[in-house]
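Okay, structure first, notes after.
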Amino acid sequence: MTDALLWPRYDSPADLADIERAALSDRGLPATTYDIVLRAAGRTADQIAASYLPDATRWEHPRTLTYSAFLSTVHRYAHALHGAGVARGDAVVLLSPNCSELHAMTLAAEAVGIAAPINPSLSLDHAAALTELAEASVIVAAGPELDPTVWALARSLTVRTGARTLFALNTDDPDVDASDLEPLDGVTVAYLTDHSAALPDDALPADPPAADDLAAFFHTGGTTGAPKLAAHTHANQVATAWMIAANGSLSPGDTLFAALPLFHVNALMVTTLAPLLRSQHVLWAGPLGYRDVPLYGIFWKLIERYRIVALSGVPTVYSVLAQMPIDADISSLRFAVVGASPLPPAVRTAFETHTGVSLCEGYGLTEATCASARSFPDHPRPESVGQRMPYQHVRVVDAESRAPIDGADRTGELEISGPAVFAGYVRKTAAGRVVDPSGAVTDGWLATGDLARIDSEGFIYLSGRAKDLIIRGGHNIDPAVIEDTMREHPLVLDACAVGRPDQHSGEVPVVYVTVSQPVEVDDLITWAEQHIVERAAMPKSIHIRESLPVTDIGKPYKPPLRADATREVVADELTANGYLEAATDVRTDVVNGAVTVTIPASVSRADATRILGGYALTWRIDDSRSTAESVAAQ
């Protein structure tokens, strides 16, 4: 294996064809995520692999781990899990905000079993459902010093699910001493570091995993919805990590910034496995990540001090950064990656104008192991979420018949195939836990639920969603949770929840209902507040209608409701900006599920861009003198 074969040129869209002339299997990739760590430590043992900030106020005093120290830690933690009874095929629940111990434990869990990270802000019922679905009997969670609320949740979760081991993770703050842990009957309760301190650090306690073994269960559906776990193999994760790491804009030794939570697949793939493959250094924000408000006040100083070259975040992060005065030398910053929710054009313009740094969109989903398309800093396509990544194939199909739609630039539902497509969802059967791709993957093609068109170079342009998922600031919300809750109201007959465009969060949930007799909207809002447990799913508004749209065969049909919510937002903005008459002339069209807003010609294009640029929506001016112009293909 040569470096040229492992790391081909990948600087521009034109490189894709050359890369795919060699088979992926011939490129000498590691077989598993454990092999990634092992190879990295053997290549650059004394180089710093990761630095961890205790929090934003102590940004000059991180904890650091070299590549060899990281491998040794993975080995010790793997022995701790093995001693707790974890074997190949056993899941380990990880319930914690980011810290150095969680980082190494994630790789250790994949090395001896299956990592099952869970959002620590979930309710006990939701976390318990995921834990039971994973059939996990070992829980690793934030200890009382790292996050007392999460520790209390973890103790309750252990009791609820009958887990036999509960390991506590400690903070990266060297000034904080660990307290005694209160025992639980019949459960091993211990600090992970203490428990593993004397364990072997030179090898795994059992045979290493194979490429086809399961590596992780990532829950999808965000903070709400029925429990759903997407299963990744080691081969899935290695292939995707390599596609990300092959980025020609990055080099060995570069420093990346990470602040997204490790229960999100992006943090594992983009800022863990890919940098390990490429011998890069990652600076991790504290446990609060991008929610650590003081972080924004010192952000540009971080870039200067650590010579950060790239970072990954969601649109709301860049919206805030675009408003922070640049008080440091940020010349090291080459580009920033954005994903998870639609990027409003105004956010892109504000950030790039303010910083001079390219904002590169990416596209992916948990079921495709995080990343399926990437953009290029020196070859911008502002309306696209990027070009398909090597060895991943994309197409669009008719959303009803599932027949492929031939030809470039035609809109349909996006499908993906290739080495990144997940093994399937975890399901419970009478025979026990199984991994089943049915319902999501057909003949190797993953249905994404996103509406898109694909140009001749493989660039993807999103135009809406065929599926119901609402994405609020990067949180995936299952509308069924809102709808089911509203239907439980004694006067509500039916309910449909959809996403409404929002400048801050990309979109927010709103719900349309029919009722059996008159009821005040305020009463329905109170009901929602009292019965919808997860805050992210709380609808921003509730609309009472005489009927809800259905298809010819009586199934709920949501595009007209999305169109109504979009029209309302645009009309409100035009009214607020003095276009009172124009607001009444706003109309929407739905084509193949995608919503387009038409505004009257009395609004100039410059004013429309100023007023609507902060929203991820497609609009055009009703002007017969010009062709319809889409300003955001999201």
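Please note that chains go A, B, ... in the order of the structure tokens, that every chain numbers its residues from 1, and that ligands are numbered from 1 in the order shown.
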Would you mind listing what lies within 10 Å of Asp177 (chain A) as a ChimeraX atom specification, with only C-alpha atoms counted and same-chain residues fewer than 5 positions away left out?
-> /A:145,170-171
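Here the question is which of A:Ile405, A:Val265, A:Met324, A:Ala285 gets nearest to Ser100 (chain A) using only C-alpha atoms, and that residue is A:Ala285.
For region 204-341 of chain A, a DSSP pass over the backbone yields strand (DSSP E or B) at Leu214, Ala215, Ala216, Phe217, Phe218, His219, Leu229, Ala230, Ala231, His232, Thr233, Thr255, Leu256, Phe257, Ala258, His281, Val282, Leu283, Trp284, Ile308, Val309, Ala310, Leu311, Ser312, Gly313, Phe335, Ala336, Val337 and Val338 of chain A.
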Those same residues, written as a PDB file, in the first residue's frame with N, CA and C atoms?
ATOM      1  N   LEU A 214     -20.973  -5.721  13.887  1.00  0.00           N
ATOM      2  CA  LEU A 214     -21.644  -4.479  14.241  1.00  0.00           C
ATOM      3  C   LEU A 214     -20.744  -3.641  15.133  1.00  0.00           C
ATOM      4  N   ALA A 215     -20.676  -2.351  14.835  1.00  0.00           N
ATOM      5  CA  ALA A 215     -19.832  -1.435  15.608  1.00  0.00           C
ATOM      6  C   ALA A 215     -20.652  -0.542  16.521  1.00  0.00           C
ATOM      7  N   ALA A 216     -21.819  -0.089  16.064  1.00  0.00           N
ATOM      8  CA  ALA A 216     -22.572   0.894  16.846  1.00  0.00           C
ATOM      9  C   ALA A 216     -24.050   0.839  16.512  1.00  0.00           C
ATOM     10  N   PHE A 217     -24.857   1.241  17.514  1.00  0.00           N
ATOM     11  CA  PHE A 217     -26.271   1.520  17.337  1.00  0.00           C
ATOM     12  C   PHE A 217     -26.468   3.012  17.603  1.00  0.00           C
ATOM     13  N   PHE A 218     -26.869   3.762  16.595  1.00  0.00           N
ATOM     14  CA  PHE A 218     -27.160   5.190  16.784  1.00  0.00           C
ATOM     15  C   PHE A 218     -28.659   5.405  16.730  1.00  0.00           C
ATOM     16  N   HIS A 219     -29.194   6.058  17.754  1.00  0.00           N
ATOM     17  CA  HIS A 219     -30.631   6.299  17.720  1.00  0.00           C
ATOM     18  C   HIS A 219     -30.927   7.450  16.779  1.00  0.00           C
ATOM     19  N   LEU A 229     -33.158   2.427  16.432  1.00  0.00           N
ATOM     20  CA  LEU A 229     -31.703   2.323  16.456  1.00  0.00           C
ATOM     21  C   LEU A 229     -31.210   1.892  15.088  1.00  0.00           C
ATOM     22  N   ALA A 230     -30.278   2.667  14.521  1.00  0.00           N
ATOM     23  CA  ALA A 230     -29.660   2.338  13.249  1.00  0.00           C
ATOM     24  C   ALA A 230     -28.329   1.644  13.524  1.00  0.00           C
ATOM     25  N   ALA A 231     -28.142   0.484  12.913  1.00  0.00           N
ATOM     26  CA  ALA A 231     -26.957  -0.332  13.161  1.00  0.00           C
ATOM     27  C   ALA A 231     -25.892  -0.086  12.093  1.00  0.00           C
ATOM     28  N   HIS A 232     -24.675   0.226  12.533  1.00  0.00           N
ATOM     29  CA  HIS A 232     -23.532   0.402  11.641  1.00  0.00           C
ATOM     30  C   HIS A 232     -22.563  -0.757  11.819  1.00  0.00           C
ATOM     31  N   THR A 233     -22.015  -1.239  10.730  1.00  0.00           N
ATOM     32  CA  THR A 233     -20.913  -2.200  10.817  1.00  0.00           C
ATOM     33  C   THR A 233     -19.589  -1.433  10.874  1.00  0.00           C
ATOM     34  N   THR A 255      -5.149  20.779  12.750  1.00  0.00           N
ATOM     35  CA  THR A 255      -6.002  20.786  13.938  1.00  0.00           C
ATOM     36  C   THR A 255      -7.434  21.120  13.535  1.00  0.00           C
ATOM     37  N   LEU A 256      -8.368  20.280  13.968  1.00  0.00           N
ATOM     38  CA  LEU A 256      -9.789  20.474  13.719  1.00  0.00           C
ATOM     39  C   LEU A 256     -10.475  20.817  15.035  1.00  0.00           C
ATOM     40  N   PHE A 257     -11.617  21.493  14.953  1.00  0.00           N
ATOM     41  CA  PHE A 257     -12.376  21.820  16.162  1.00  0.00           C
ATOM     42  C   PHE A 257     -13.650  20.989  16.195  1.00  0.00           C
ATOM     43  N   ALA A 258     -13.951  20.426  17.372  1.00  0.00           N
ATOM     44  CA  ALA A 258     -15.127  19.570  17.533  1.00  0.00           C
ATOM     45  C   ALA A 258     -15.968  20.048  18.706  1.00  0.00           C
ATOM     46  N   HIS A 281      -5.033  16.395  14.611  1.00  0.00           N
ATOM     47  CA  HIS A 281      -5.280  16.748  16.011  1.00  0.00           C
ATOM     48  C   HIS A 281      -6.671  17.363  16.115  1.00  0.00           C
ATOM     49  N   VAL A 282      -7.454  16.944  17.106  1.00  0.00           N
ATOM     50  CA  VAL A 282      -8.792  17.486  17.299  1.00  0.00           C
ATOM     51  C   VAL A 282      -8.869  18.177  18.651  1.00  0.00           C
ATOM     52  N   LEU A 283      -9.307  19.426  18.631  1.00  0.00           N
ATOM     53  CA  LEU A 283      -9.562  20.178  19.858  1.00  0.00           C
ATOM     54  C   LEU A 283     -11.054  20.085  20.158  1.00  0.00           C
ATOM     55  N   TRP A 284     -11.390  19.494  21.314  1.00  0.00           N
ATOM     56  CA  TRP A 284     -12.781  19.293  21.698  1.00  0.00           C
ATOM     57  C   TRP A 284     -13.236  20.382  22.661  1.00  0.00           C
ATOM     58  N   ILE A 308      -6.478  26.306  14.241  1.00  0.00           N
ATOM     59  CA  ILE A 308      -7.543  25.432  13.752  1.00  0.00           C
ATOM     60  C   ILE A 308      -7.763  25.694  12.265  1.00  0.00           C
ATOM     61  N   VAL A 309      -7.885  24.615  11.487  1.00  0.00           N
ATOM     62  CA  VAL A 309      -8.042  24.747  10.040  1.00  0.00           C
ATOM     63  C   VAL A 309      -9.475  24.488   9.571  1.00  0.00           C
ATOM     64  N   ALA A 310     -10.263  23.768  10.378  1.00  0.00           N
ATOM     65  CA  ALA A 310     -11.630  23.457   9.966  1.00  0.00           C
ATOM     66  C   ALA A 310     -12.475  23.138  11.187  1.00  0.00           C
ATOM     67  N   LEU A 311     -13.772  23.292  11.047  1.00  0.00           N
ATOM     68  CA  LEU A 311     -14.708  22.934  12.106  1.00  0.00           C
ATOM     69  C   LEU A 311     -15.998  22.464  11.475  1.00  0.00           C
ATOM     70  N   SER A 312     -16.845  21.835  12.281  1.00  0.00           N
ATOM     71  CA  SER A 312     -18.124  21.325  11.812  1.00  0.00           C
ATOM     72  C   SER A 312     -19.211  21.804  12.755  1.00  0.00           C
ATOM     73  N   GLY A 313     -20.322  22.289  12.201  1.00  0.00           N
ATOM     74  CA  GLY A 313     -21.401  22.786  13.034  1.00  0.00           C
ATOM     75  C   GLY A 313     -22.717  22.818  12.281  1.00  0.00           C
ATOM     76  N   PHE A 335     -11.786  26.359   5.971  1.00  0.00           N
ATOM     77  CA  PHE A 335     -13.207  26.217   5.625  1.00  0.00           C
ATOM     78  C   PHE A 335     -13.961  25.726   6.853  1.00  0.00           C
ATOM     79  N   ALA A 336     -15.278  25.833   6.784  1.00  0.00           N
ATOM     80  CA  ALA A 336     -16.148  25.343   7.847  1.00  0.00           C
ATOM     81  C   ALA A 336     -17.230  24.480   7.216  1.00  0.00           C
ATOM     82  N   VAL A 337     -17.564  23.374   7.870  1.00  0.00           N
ATOM     83  CA  VAL A 337     -18.548  22.429   7.346  1.00  0.00           C
ATOM     84  C   VAL A 337     -19.871  22.651   8.068  1.00  0.00           C
ATOM     85  N   VAL A 338     -20.957  22.641   7.306  1.00  0.00           N
ATOM     86  CA  VAL A 338     -22.282  22.835   7.886  1.00  0.00           C
ATOM     87  C   VAL A 338     -23.212  21.749   7.378  1.00  0.00           C
TER      88      VAL A 338
END
Long-range neighbours of Phe422 (chain A) as a PDB file with N, CA and C atoms, in the first residue's frame, 12 Å cut-off, only C-alpha atoms, 6 positions minimum in chain:
ATOM      1  N   ASP A 212     -17.267  -6.978   9.158  1.00  0.00           N
ATOM      2  CA  ASP A 212     -18.719  -7.133   9.049  1.00  0.00           C
ATOM      3  C   ASP A 212     -19.409  -7.144  10.409  1.00  0.00           C
ATOM      4  N   LEU A 214     -20.973  -5.721  13.887  1.00  0.00           N
ATOM      5  CA  LEU A 214     -21.644  -4.479  14.241  1.00  0.00           C
ATOM      6  C   LEU A 214     -20.744  -3.641  15.133  1.00  0.00           C
ATOM      7  N   ALA A 215     -20.676  -2.351  14.835  1.00  0.00           N
ATOM      8  CA  ALA A 215     -19.832  -1.435  15.608  1.00  0.00           C
ATOM      9  C   ALA A 215     -20.652  -0.542  16.521  1.00  0.00           C
ATOM     10  N   ALA A 216     -21.819  -0.089  16.064  1.00  0.00           N
ATOM     11  CA  ALA A 216     -22.572   0.894  16.846  1.00  0.00           C
ATOM     12  C   ALA A 216     -24.050   0.839  16.512  1.00  0.00           C
ATOM     13  N   PHE A 217     -24.857   1.241  17.514  1.00  0.00           N
ATOM     14  CA  PHE A 217     -26.271   1.520  17.337  1.00  0.00           C
ATOM     15  C   PHE A 217     -26.468   3.012  17.603  1.00  0.00           C
ATOM     16  N   PHE A 218     -26.869   3.762  16.595  1.00  0.00           N
ATOM     17  CA  PHE A 218     -27.160   5.190  16.784  1.00  0.00           C
ATOM     18  C   PHE A 218     -28.659   5.405  16.730  1.00  0.00           C
ATOM     19  N   LEU A 229     -33.158   2.427  16.432  1.00  0.00           N
ATOM     20  CA  LEU A 229     -31.703   2.323  16.456  1.00  0.00           C
ATOM     21  C   LEU A 229     -31.210   1.892  15.088  1.00  0.00           C
ATOM     22  N   ALA A 230     -30.278   2.667  14.521  1.00  0.00           N
ATOM     23  CA  ALA A 230     -29.660   2.338  13.249  1.00  0.00           C
ATOM     24  C   ALA A 230     -28.329   1.644  13.524  1.00  0.00           C
ATOM     25  N   ALA A 231     -28.142   0.484  12.913  1.00  0.00           N
ATOM     26  CA  ALA A 231     -26.957  -0.332  13.161  1.00  0.00           C
ATOM     27  C   ALA A 231     -25.892  -0.086  12.093  1.00  0.00           C
ATOM     28  N   HIS A 232     -24.675   0.226  12.533  1.00  0.00           N
ATOM     29  CA  HIS A 232     -23.532   0.402  11.641  1.00  0.00           C
ATOM     30  C   HIS A 232     -22.563  -0.757  11.819  1.00  0.00           C
ATOM     31  N   THR A 233     -22.015  -1.239  10.730  1.00  0.00           N
ATOM     32  CA  THR A 233     -20.913  -2.200  10.817  1.00  0.00           C
ATOM     33  C   THR A 233     -19.589  -1.433  10.874  1.00  0.00           C
ATOM     34  N   HIS A 234     -18.526  -2.136  11.221  1.00  0.00           N
ATOM     35  CA  HIS A 234     -17.196  -1.528  11.168  1.00  0.00           C
ATOM     36  C   HIS A 234     -16.868  -1.094   9.741  1.00  0.00           C
ATOM     37  N   ALA A 235     -17.268  -1.913   8.768  1.00  0.00           N
ATOM     38  CA  ALA A 235     -16.995  -1.565   7.373  1.00  0.00           C
ATOM     39  C   ALA A 235     -17.708  -0.269   6.984  1.00  0.00           C
ATOM     40  N   ASN A 236     -18.949  -0.095   7.428  1.00  0.00           N
ATOM     41  CA  ASN A 236     -19.665   1.165   7.187  1.00  0.00           C
ATOM     42  C   ASN A 236     -18.858   2.349   7.681  1.00  0.00           C
ATOM     43  N   GLN A 237     -18.432   2.266   8.928  1.00  0.00           N
ATOM     44  CA  GLN A 237     -17.769   3.411   9.560  1.00  0.00           C
ATOM     45  C   GLN A 237     -16.386   3.671   8.978  1.00  0.00           C
ATOM     46  N   ALA A 239     -15.295   2.937   5.893  1.00  0.00           N
ATOM     47  CA  ALA A 239     -15.424   3.476   4.536  1.00  0.00           C
ATOM     48  C   ALA A 239     -15.827   4.948   4.565  1.00  0.00           C
ATOM     49  N   THR A 240     -16.802   5.290   5.395  1.00  0.00           N
ATOM     50  CA  THR A 240     -17.255   6.667   5.465  1.00  0.00           C
ATOM     51  C   THR A 240     -16.180   7.578   6.040  1.00  0.00           C
ATOM     52  N   LEU A 365     -27.124  11.180   6.446  1.00  0.00           N
ATOM     53  CA  LEU A 365     -28.102  10.772   7.437  1.00  0.00           C
ATOM     54  C   LEU A 365     -27.548   9.575   8.192  1.00  0.00           C
ATOM     55  N   THR A 366     -28.101   9.330   9.359  1.00  0.00           N
ATOM     56  CA  THR A 366     -27.586   8.265  10.215  1.00  0.00           C
ATOM     57  C   THR A 366     -27.597   6.931   9.490  1.00  0.00           C
ATOM     58  N   GLU A 367     -28.627   6.689   8.704  1.00  0.00           N
ATOM     59  CA  GLU A 367     -28.745   5.410   7.998  1.00  0.00           C
ATOM     60  C   GLU A 367     -27.704   5.247   6.892  1.00  0.00           C
ATOM     61  N   ALA A 368     -27.039   6.319   6.509  1.00  0.00           N
ATOM     62  CA  ALA A 368     -25.941   6.234   5.533  1.00  0.00           C
ATOM     63  C   ALA A 368     -24.614   6.581   6.208  1.00  0.00           C
ATOM     64  N   THR A 369     -24.535   6.333   7.511  1.00  0.00           N
ATOM     65  CA  THR A 369     -23.295   6.487   8.287  1.00  0.00           C
ATOM     66  C   THR A 369     -22.727   7.904   8.193  1.00  0.00           C
ATOM     67  N   CYS A 370     -23.618   8.893   8.183  1.00  0.00           N
ATOM     68  CA  CYS A 370     -23.272  10.303   8.378  1.00  0.00           C
ATOM     69  C   CYS A 370     -23.108  11.119   7.115  1.00  0.00           C
ATOM     70  N   ALA A 371     -22.278  10.695   6.174  1.00  0.00           N
ATOM     71  CA  ALA A 371     -21.908  11.599   5.077  1.00  0.00           C
ATOM     72  C   ALA A 371     -22.054  10.915   3.725  1.00  0.00           C
ATOM     73  N   ILE A 416     -29.755   6.300  -1.979  1.00  0.00           N
ATOM     74  CA  ILE A 416     -28.303   6.144  -1.882  1.00  0.00           C
ATOM     75  C   ILE A 416     -27.963   4.662  -1.806  1.00  0.00           C
ATOM     76  N   VAL A 435     -31.221  -7.279  13.404  1.00  0.00           N
ATOM     77  CA  VAL A 435     -30.968  -6.086  12.603  1.00  0.00           C
ATOM     78  C   VAL A 435     -31.584  -6.321  11.237  1.00  0.00           C
ATOM     79  N   ASP A 436     -32.502  -5.426  10.858  1.00  0.00           N
ATOM     80  CA  ASP A 436     -33.324  -5.654   9.673  1.00  0.00           C
ATOM     81  C   ASP A 436     -33.405  -4.373   8.844  1.00  0.00           C
ATOM     82  N   PRO A 437     -32.945  -4.407   7.577  1.00  0.00           N
ATOM     83  CA  PRO A 437     -32.993  -3.199   6.736  1.00  0.00           C
ATOM     84  C   PRO A 437     -34.322  -3.013   6.010  1.00  0.00           C
ATOM     85  N   SER A 438     -35.247  -3.947   6.136  1.00  0.00           N
ATOM     86  CA  SER A 438     -36.488  -3.856   5.378  1.00  0.00           C
ATOM     87  C   SER A 438     -37.256  -2.596   5.762  1.00  0.00           C
ATOM     88  N   ALA A 440     -36.440   0.274   4.726  1.00  0.00           N
ATOM     89  CA  ALA A 440     -35.525   1.392   4.489  1.00  0.00           C
ATOM     90  C   ALA A 440     -34.639   1.151   3.279  1.00  0.00           C
ATOM     91  N   VAL A 441     -34.222  -0.093   3.064  1.00  0.00           N
ATOM     92  CA  VAL A 441     -33.302  -0.442   1.977  1.00  0.00           C
ATOM     93  C   VAL A 441     -33.954  -1.493   1.089  1.00  0.00           C
ATOM     94  N   GLY A 444     -30.421  -2.834  -2.076  1.00  0.00           N
ATOM     95  CA  GLY A 444     -29.202  -2.065  -1.820  1.00  0.00           C
ATOM     96  C   GLY A 444     -29.380  -0.563  -1.837  1.00  0.00           C
ATOM     97  N   TRP A 445     -30.583  -0.066  -2.149  1.00  0.00           N
ATOM     98  CA  TRP A 445     -30.828   1.372  -2.228  1.00  0.00           C
ATOM     99  C   TRP A 445     -31.575   1.847  -0.981  1.00  0.00           C
ATOM    100  N   LEU A 446     -30.996   2.836  -0.323  1.00  0.00           N
ATOM    101  CA  LEU A 446     -31.584   3.431   0.866  1.00  0.00           C
ATOM    102  C   LEU A 446     -32.496   4.587   0.482  1.00  0.00           C
ATOM    103  N   ALA A 447     -33.742   4.537   0.909  1.00  0.00           N
ATOM    104  CA  ALA A 447     -34.677   5.636   0.669  1.00  0.00           C
ATOM    105  C   ALA A 447     -34.451   6.713   1.732  1.00  0.00           C
TER     106      ALA A 447
END
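Going from CA of Leu29 (chain A) over to CA of Arg9 (chain A), you cover 16.0 Å.
Going from CA of Pro559 (chain A) over to CA of Leu451 (chain A), you cover 12.0 Å.
Picture a line from CA of Glu573 (chain A) to CA of Ser341 (chain A); it runs 21.5 Å.
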Can you list, as a PDB file with N, CA and C atoms, in the first residue's frame, every residue of region 442-502 of chain A that DSSP puts in helix (DSSP H, G or I)?
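What ended up in states_36.pdb:
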ATOM      1  N   PRO A 479     -43.070  13.742  13.760  1.00  0.00           N
ATOM      2  CA  PRO A 479     -44.343  14.444  13.951  1.00  0.00           C
ATOM      3  C   PRO A 479     -45.420  13.577  14.577  1.00  0.00           C
ATOM      4  N   ALA A 480     -45.254  12.246  14.521  1.00  0.00           N
ATOM      5  CA  ALA A 480     -46.266  11.359  15.099  1.00  0.00           C
ATOM      6  C   ALA A 480     -46.444  11.607  16.596  1.00  0.00           C
ATOM      7  N   VAL A 481     -45.368  11.994  17.265  1.00  0.00           N
ATOM      8  CA  VAL A 481     -45.467  12.241  18.706  1.00  0.00           C
ATOM      9  C   VAL A 481     -46.388  13.437  18.974  1.00  0.00           C
ATOM     10  N   ILE A 482     -46.244  14.494  18.163  1.00  0.00           N
ATOM     11  CA  ILE A 482     -47.114  15.670  18.304  1.00  0.00           C
ATOM     12  C   ILE A 482     -48.541  15.295  17.943  1.00  0.00           C
ATOM     13  N   GLU A 483     -48.695  14.593  16.842  1.00  0.00           N
ATOM     14  CA  GLU A 483     -50.025  14.245  16.354  1.00  0.00           C
ATOM     15  C   GLU A 483     -50.759  13.326  17.326  1.00  0.00           C
ATOM     16  N   ASP A 484     -50.065  12.311  17.828  1.00  0.00           N
ATOM     17  CA  ASP A 484     -50.704  11.382  18.762  1.00  0.00           C
ATOM     18  C   ASP A 484     -51.124  12.094  20.041  1.00  0.00           C
ATOM     19  N   THR A 485     -50.281  13.011  20.507  1.00  0.00           N
ATOM     20  CA  THR A 485     -50.611  13.751  21.724  1.00  0.00           C
ATOM     21  C   THR A 485     -51.844  14.622  21.515  1.00  0.00           C
ATOM     22  N   MET A 486     -51.905  15.314  20.380  1.00  0.00           N
ATOM     23  CA  MET A 486     -53.050  16.187  20.123  1.00  0.00           C
ATOM     24  C   MET A 486     -54.337  15.378  19.945  1.00  0.00           C
ATOM     25  N   ARG A 487     -54.231  14.195  19.354  1.00  0.00           N
ATOM     26  CA  ARG A 487     -55.430  13.366  19.154  1.00  0.00           C
ATOM     27  C   ARG A 487     -56.004  12.854  20.470  1.00  0.00           C
TER      28      ARG A 487
END
Close residues, His195 (chain A) itself excluded, 9 Å, only C-alpha atoms, min 3 positions apart in chain, as a ChimeraX atom specification | /A:77,80,167,190-192,198-199
Any chance you can output those residues with N, CA and C atoms as a PDB file, in the first residue's frame?
ATOM      1  N   TYR A  77     -10.074   0.497  28.896  1.00  0.00           N
ATOM      2  CA  TYR A  77     -11.541   0.545  28.958  1.00  0.00           C
ATOM      3  C   TYR A  77     -12.144  -0.719  28.353  1.00  0.00           C
ATOM      4  N   ALA A  80     -12.105  -3.264  30.938  1.00  0.00           N
ATOM      5  CA  ALA A  80     -13.155  -3.013  31.929  1.00  0.00           C
ATOM      6  C   ALA A  80     -14.507  -3.528  31.434  1.00  0.00           C
ATOM      7  N   PHE A 167     -20.824   2.396  35.013  1.00  0.00           N
ATOM      8  CA  PHE A 167     -19.546   3.097  35.119  1.00  0.00           C
ATOM      9  C   PHE A 167     -19.783   4.604  35.028  1.00  0.00           C
ATOM     10  N   ALA A 190     -19.015   2.114  39.721  1.00  0.00           N
ATOM     11  CA  ALA A 190     -17.628   2.540  39.910  1.00  0.00           C
ATOM     12  C   ALA A 190     -17.267   3.619  38.912  1.00  0.00           C
ATOM     13  N   TYR A 191     -16.285   4.446  39.289  1.00  0.00           N
ATOM     14  CA  TYR A 191     -15.696   5.369  38.325  1.00  0.00           C
ATOM     15  C   TYR A 191     -14.886   4.555  37.326  1.00  0.00           C
ATOM     16  N   LEU A 192     -15.066   4.827  36.064  1.00  0.00           N
ATOM     17  CA  LEU A 192     -14.387   4.067  35.020  1.00  0.00           C
ATOM     18  C   LEU A 192     -12.868   4.158  35.152  1.00  0.00           C
ATOM     19  N   ALA A 198      -5.594  -0.249  36.729  1.00  0.00           N
ATOM     20  CA  ALA A 198      -4.578  -1.301  36.786  1.00  0.00           C
ATOM     21  C   ALA A 198      -4.770  -2.372  35.722  1.00  0.00           C
ATOM     22  N   LEU A 199      -5.687  -2.153  34.810  1.00  0.00           N
ATOM     23  CA  LEU A 199      -5.962  -3.162  33.784  1.00  0.00           C
ATOM     24  C   LEU A 199      -4.945  -3.055  32.644  1.00  0.00           C
TER      25      LEU A 199
END
Neighbour list for Trp527 (chain A) as an MDAnalysis selection string, cut-off 9 Å, only C-alpha atoms, skip fewer than 3 positions in-chain | chainID A and resid 485:486 489 522:524 530:532
